[in-house]
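Enquirer: Dropping a structure here in structure tokens format, bear with me for questions.
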Amino acid sequence: MTAAAERLIFPDQSALVNAAAARFVGVVVAAQRERGIATVVLTGGGAGIALLAAVRDNPGEIDWSNIEIYWGDERFVEADDPERNELQARHALLDHVPVDEARVHPMAATDGRFGDDADAAARDYATVLAAGGHPVPEFDVHLLGMGGEGHVNSLFPHTPAVREQQASVVAVRDCPKPPPTRITLTLPAVRRARQVWLLVAGEAKAGAVTEALGGASEVDVPSAGATGSEATLWFLDRAAASRLD
Ligand SMILES: O=C1O[C@H](COP(=O)(O)O)[C@@H](O)[C@H](O)[C@H]1O
């Protein structure tokens, strides 16, 4: 089942990030109370990393030993490259809280076990996702940023990756946004999440927001296909929402 998208509009990115961070803490704590463990998917990008820094400032009652952490996509570069979504997430949050490293699941880097074989790295991450017995866990929340052309994770318009219906994770080459080689969860994997949150700020994204929420196809505007089974929340600042009715 897919939930109708809900729009939450804030004056600016800072207000958006603070509201999303507070809600993220609430979802994690509620999942830990209900199921003992929370399962989240992190994203890169400006708002996604800012959310992690805001959670670091106000972590509420999160039990850091009982949170499984995955990434929705990764730039396929060396582990210490500042472009890595993992590295940015570690600097913003994970290096500062007592997470259980066995529950932190970064995607491979080019200086890791698969070298520059992005397909092998993607296959490996599919195995990581499947370790719990389902091809993809039922994530409590999957965070997403969105690019100005509507990309989410590393799913760009009109690419094989955004059309992928079988694999949970694929390698992507020749991305229009650098770095060119990436690894990404596919839309069917994103849709395993109970809640999908899109964190979108800035006028440059207003057109894609309007198209995604106006019924565009996911091949044209990948964010249109990013939905959760229980909730799909669009956290928008006024600029990003400026072309909505
Ligand atoms: O390249 C990426 O871009 C998106 C959006 O980033 P933003 O800075 O425009 O918000 C991001 O969510 C994704 O994880 C990342 O790899």
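In the structure tokens, chains take the letters A, B, ... in the order shown, each chain's residues start at 1, and ligands count up from 1 in the order shown.
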When the cut-off is 6 Å and you count only C-alpha atoms and all ligand atoms, which residues lie near ligand 1, shown as a PDB file with N, CA and C atoms, in the first residue's frame?
Expert:
```
ATOM      1  N   THR A  43      20.455   9.844   4.075  1.00  0.00           N
ATOM      2  CA  THR A  43      20.704  10.388   2.752  1.00  0.00           C
ATOM      3  C   THR A  43      21.857  11.382   2.834  1.00  0.00           C
ATOM      4  N   GLY A  44      22.400  11.722   1.674  1.00  0.00           N
ATOM      5  CA  GLY A  44      23.387  12.799   1.615  1.00  0.00           C
ATOM      6  C   GLY A  44      22.688  14.099   1.289  1.00  0.00           C
ATOM      7  N   GLY A  45      23.447  15.081   0.857  1.00  0.00           N
ATOM      8  CA  GLY A  45      22.858  16.355   0.457  1.00  0.00           C
ATOM      9  C   GLY A  45      22.769  17.336   1.608  1.00  0.00           C
ATOM     10  N   GLY A  46      22.510  18.594   1.250  1.00  0.00           N
ATOM     11  CA  GLY A  46      22.547  19.677   2.232  1.00  0.00           C
ATOM     12  C   GLY A  46      21.580  19.473   3.382  1.00  0.00           C
ATOM     13  N   ALA A  47      20.301  19.293   3.083  1.00  0.00           N
ATOM     14  CA  ALA A  47      19.314  19.189   4.160  1.00  0.00           C
ATOM     15  C   ALA A  47      19.463  17.872   4.921  1.00  0.00           C
ATOM     16  N   ASP A  73      22.030   6.009  -0.755  1.00  0.00           N
ATOM     17  CA  ASP A  73      22.962   6.031  -1.883  1.00  0.00           C
ATOM     18  C   ASP A  73      24.331   6.449  -1.393  1.00  0.00           C
ATOM     19  N   GLU A  74      25.308   6.208  -2.246  1.00  0.00           N
ATOM     20  CA  GLU A  74      26.682   6.581  -1.894  1.00  0.00           C
ATOM     21  C   GLU A  74      27.446   6.975  -3.146  1.00  0.00           C
ATOM     22  N   LEU A 144      15.369  11.287   2.324  1.00  0.00           N
ATOM     23  CA  LEU A 144      15.807  11.579   0.955  1.00  0.00           C
ATOM     24  C   LEU A 144      15.998  13.077   0.779  1.00  0.00           C
ATOM     25  N   GLY A 145      17.035  13.461   0.052  1.00  0.00           N
ATOM     26  CA  GLY A 145      17.101  14.804  -0.509  1.00  0.00           C
ATOM     27  C   GLY A 145      16.555  14.719  -1.930  1.00  0.00           C
ATOM     28  N   MET A 146      16.501  15.831  -2.609  1.00  0.00           N
ATOM     29  CA  MET A 146      16.081  15.796  -4.010  1.00  0.00           C
ATOM     30  C   MET A 146      16.874  16.824  -4.802  1.00  0.00           C
ATOM     31  N   GLY A 147      17.346  16.453  -5.971  1.00  0.00           N
ATOM     32  CA  GLY A 147      18.040  17.390  -6.847  1.00  0.00           C
ATOM     33  C   GLY A 147      17.052  18.222  -7.661  1.00  0.00           C
ATOM     34  N   VAL A 152      16.401  11.400  -6.624  1.00  0.00           N
ATOM     35  CA  VAL A 152      16.480  11.005  -5.215  1.00  0.00           C
ATOM     36  C   VAL A 152      17.470   9.846  -5.125  1.00  0.00           C
ATOM     37  N   ASN A 153      18.117   9.688  -3.954  1.00  0.00           N
ATOM     38  CA  ASN A 153      19.263   8.781  -3.887  1.00  0.00           C
ATOM     39  C   ASN A 153      20.118   9.088  -5.123  1.00  0.00           C
ATOM     40  N   SER A 154      20.597   8.067  -5.839  1.00  0.00           N
ATOM     41  CA  SER A 154      21.306   8.358  -7.094  1.00  0.00           C
ATOM     42  C   SER A 154      20.476   7.837  -8.264  1.00  0.00           C
TER      43      SER A 154
END
```
Enquirer: Please provide the set of residues having any atom within 10 Å of range 199-208 of chain A, restricted to only C-alpha atoms, with same-chain residues fewer than 3 positions apart removed, written as a ChimeraX atom specification.
Expert: /A:8-14,16-17,20,43,45-48,51,143-151,196,211-214,216,220-224,233-244
Enquirer: May I ask which of the residues A:Val28, A:Ala161, A:Val97, A:Leu87 is the closest one to Pro188 in chain A, counting only C-alpha atoms?
Expert: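 Ranking A:Val28, A:Ala161, A:Val97, A:Leu87 by distance to Pro188 in chain A, first place goes to A:Ala161.
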Enquirer: Would you mind listing what lies within 12 Å of Ala189 in chain A as a PyMOL selection string, with only C-alpha atoms counted and same-chain residues fewer than 3 positions away left out?
Expert: chain A and resi 41+70-73+125-126+129-130+134-139+142+153+155+161-162+164-170+184-186+192-194+196+225-229
Enquirer: Take the residues from that selection and put them in a file with C-alpha atoms, as a PDB file, in the first residue's frame.
Expert:
```pdb
ATOM      1  CA  VAL A  41      18.064   5.012   5.915  1.00  0.00           C
ATOM      2  CA  TYR A  70      21.679   2.157   6.184  1.00  0.00           C
ATOM      3  CA  TRP A  71      22.347   4.594   3.348  1.00  0.00           C
ATOM      4  CA  GLY A  72      20.060   5.245   0.408  1.00  0.00           C
ATOM      5  CA  ASP A  73      22.962   6.031  -1.883  1.00  0.00           C
ATOM      6  CA  TYR A 125      24.958  -4.048  -0.389  1.00  0.00           C
ATOM      7  CA  ALA A 126      21.924  -6.012  -1.571  1.00  0.00           C
ATOM      8  CA  LEU A 129      20.034  -5.438   3.126  1.00  0.00           C
ATOM      9  CA  ALA A 130      18.856  -9.040   2.878  1.00  0.00           C
ATOM     10  CA  HIS A 134      13.721 -10.228   3.621  1.00  0.00           C
ATOM     11  CA  PRO A 135      15.298  -8.862   0.435  1.00  0.00           C
ATOM     12  CA  VAL A 136      14.948  -5.385   1.960  1.00  0.00           C
ATOM     13  CA  PRO A 137      14.162  -4.514   5.592  1.00  0.00           C
ATOM     14  CA  GLU A 138      10.947  -2.685   6.403  1.00  0.00           C
ATOM     15  CA  PHE A 139      12.678   0.594   7.253  1.00  0.00           C
ATOM     16  CA  HIS A 142      13.967   6.528   4.658  1.00  0.00           C
ATOM     17  CA  ASN A 153      19.263   8.781  -3.887  1.00  0.00           C
ATOM     18  CA  LEU A 155      18.239   7.698  -9.232  1.00  0.00           C
ATOM     19  CA  ALA A 161      18.549   2.726 -12.359  1.00  0.00           C
ATOM     20  CA  VAL A 162      15.255   4.576 -12.002  1.00  0.00           C
ATOM     21  CA  GLU A 164      14.979  -0.973 -12.134  1.00  0.00           C
ATOM     22  CA  GLN A 165      12.221  -3.170 -10.704  1.00  0.00           C
ATOM     23  CA  GLN A 166      14.101  -6.302  -9.557  1.00  0.00           C
ATOM     24  CA  ALA A 167      17.372  -5.428  -7.839  1.00  0.00           C
ATOM     25  CA  SER A 168      17.284  -3.589  -4.519  1.00  0.00           C
ATOM     26  CA  VAL A 169      20.654  -1.918  -5.137  1.00  0.00           C
ATOM     27  CA  VAL A 170      22.387  -0.967  -8.381  1.00  0.00           C
ATOM     28  CA  THR A 184      21.940   3.437  -4.933  1.00  0.00           C
ATOM     29  CA  LEU A 185      18.882   1.764  -3.531  1.00  0.00           C
ATOM     30  CA  THR A 186      16.211   1.465  -6.230  1.00  0.00           C
ATOM     31  CA  ARG A 192       9.805  -0.839   1.579  1.00  0.00           C
ATOM     32  CA  ALA A 193      10.008   2.020   4.092  1.00  0.00           C
ATOM     33  CA  ARG A 194       7.055   2.701   6.349  1.00  0.00           C
ATOM     34  CA  VAL A 196       9.615   8.196   3.256  1.00  0.00           C
ATOM     35  CA  GLY A 225       8.116   7.303  -7.138  1.00  0.00           C
ATOM     36  CA  ALA A 226       9.507   7.710  -3.620  1.00  0.00           C
ATOM     37  CA  THR A 227       6.639   6.737  -1.372  1.00  0.00           C
ATOM     38  CA  GLY A 228       6.290   5.049   1.993  1.00  0.00           C
ATOM     39  CA  SER A 229       3.802   2.321   2.910  1.00  0.00           C
TER      40      SER A 229
END
```
Enquirer: Could you give me, as a PyMOL selection string, each residue of range 2-241 of chain A that DSSP assigns to alpha helix (DSSP H) when run on this structure's backbone?
Expert: chain A and resi 13-35+46-57+85-92+118-129+160-163+187-190+206-213
Enquirer: Give me the residues near Val27 in chain A as a list of chain:residue names, where near means some atom within 10 Å (using only C-alpha atoms) and where sequence neighbours in that chain fewer than 4 positions away do not count.
Expert: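 So, after excluding close chain neighbours, the residues are A:Ala21, A:Ala22, A:Arg23, A:Ala31, A:Gln32, A:Arg33, A:Ala38, A:Thr39, A:Val40, A:Ile62, A:Asp140, A:Val141, A:Gln195.
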Enquirer: Within 12 Å of His96 in chain A, counting only C-alpha atoms, which residues qualify if same-chain residues fewer than 4 places away don't, as a compact mmCIF listing (two decimals) with N, CA and C atoms, in the first residue's frame?
Expert:
```txt
# COMPACT_ATOMS: atom_id res chain seq x y z
N LEU A 52 21.05 15.54 10.35
CA LEU A 52 21.85 14.71 11.27
C LEU A 52 22.54 15.59 12.32
N ALA A 53 23.03 16.74 11.89
CA ALA A 53 23.67 17.66 12.85
C ALA A 53 22.64 18.15 13.87
N VAL A 55 20.02 16.46 14.88
CA VAL A 55 19.75 15.34 15.79
C VAL A 55 20.88 15.24 16.83
N ARG A 56 22.09 15.50 16.39
CA ARG A 56 23.22 15.49 17.33
C ARG A 56 22.98 16.51 18.45
N ASP A 57 22.44 17.68 18.10
CA ASP A 57 22.20 18.73 19.10
C ASP A 57 21.05 18.37 20.03
N PRO A 59 19.19 14.96 20.67
CA PRO A 59 18.95 13.53 20.37
C PRO A 59 17.78 12.91 21.14
N TRP A 64 21.03 4.67 21.22
CA TRP A 64 21.96 4.54 20.08
C TRP A 64 22.44 3.12 19.86
N ALA A 89 27.99 11.95 7.12
CA ALA A 89 27.08 11.55 8.19
C ALA A 89 27.85 11.27 9.48
N ARG A 90 29.03 10.70 9.33
CA ARG A 90 29.84 10.43 10.53
C ARG A 90 30.26 11.74 11.18
N HIS A 91 30.70 12.69 10.36
CA HIS A 91 31.13 13.98 10.92
C HIS A 91 29.96 14.71 11.58
N ALA A 92 28.78 14.64 10.94
CA ALA A 92 27.63 15.39 11.46
C ALA A 92 27.04 14.75 12.71
```
Enquirer: Could you check which of A:Ala54, A:Ile69, A:Val219, A:Met107 is closest to His158 in chain A, using only C-alpha atoms?
Expert: A:Val219
Enquirer: For Pro178 in chain A, list every protein, DNA or RNA residue within 12 Å, evaluated using only C-alpha atoms, and leave out those in the same chain fewer than 4 positions away; present the list as a PDB file with C-alpha atoms, in the first residue's frame.
Expert:
```pdb
ATOM      1  CA  GLU A  74      26.682   6.581  -1.894  1.00  0.00           C
ATOM      2  CA  ARG A  75      29.211   8.321  -4.061  1.00  0.00           C
ATOM      3  CA  PHE A  76      31.620   5.577  -5.195  1.00  0.00           C
ATOM      4  CA  VAL A  77      34.910   7.202  -4.220  1.00  0.00           C
ATOM      5  CA  GLU A  83      32.111  13.593  -1.099  1.00  0.00           C
ATOM      6  CA  ARG A  84      31.185  10.356   0.708  1.00  0.00           C
ATOM      7  CA  SER A 154      21.306   8.358  -7.094  1.00  0.00           C
ATOM      8  CA  VAL A 172      25.074   3.991 -11.505  1.00  0.00           C
ATOM      9  CA  ARG A 173      27.609   5.426 -13.946  1.00  0.00           C
ATOM     10  CA  ASP A 174      27.868   8.731 -15.809  1.00  0.00           C
ATOM     11  CA  ARG A 182      27.502   5.854  -7.417  1.00  0.00           C
TER      12      ARG A 182
END
```
Enquirer: Among range 28-140 of chain A, which ones does DSSP place in strand (DSSP E or B), written as a PDB file with C-alpha atoms, in the first residue's frame?
Expert:
```
ATOM      1  CA  ALA A  38      14.690   1.303  14.834  1.00  0.00           C
ATOM      2  CA  THR A  39      15.795   0.901  11.211  1.00  0.00           C
ATOM      3  CA  VAL A  40      16.631   4.056   9.289  1.00  0.00           C
ATOM      4  CA  VAL A  41      18.064   5.012   5.915  1.00  0.00           C
ATOM      5  CA  LEU A  42      20.211   8.132   5.724  1.00  0.00           C
ATOM      6  CA  ILE A  67      19.368   1.597  15.701  1.00  0.00           C
ATOM      7  CA  GLU A  68      20.195  -0.036  12.371  1.00  0.00           C
ATOM      8  CA  ILE A  69      21.603   2.544   9.972  1.00  0.00           C
ATOM      9  CA  TYR A  70      21.679   2.157   6.184  1.00  0.00           C
ATOM     10  CA  TRP A  71      22.347   4.594   3.348  1.00  0.00           C
ATOM     11  CA  ASP A  73      22.962   6.031  -1.883  1.00  0.00           C
ATOM     12  CA  GLU A  74      26.682   6.581  -1.894  1.00  0.00           C
ATOM     13  CA  ARG A  75      29.211   8.321  -4.061  1.00  0.00           C
ATOM     14  CA  VAL A 104      25.994   0.757  10.893  1.00  0.00           C
ATOM     15  CA  HIS A 105      25.930  -0.357   7.252  1.00  0.00           C
TER      16      HIS A 105
END
```
Enquirer: Of the residues A:Asp117, A:Glu101, A:Glu34, A:Asp245, which is the one nearest to Thr181 in chain A, using only C-alpha atoms?
Expert: A:Asp117
Enquirer: What does the structure give for the distance between CA of Asp111 in chain A and CA of Ile183 in chain A, in Å to one decimal?
Expert: 14.6 Å
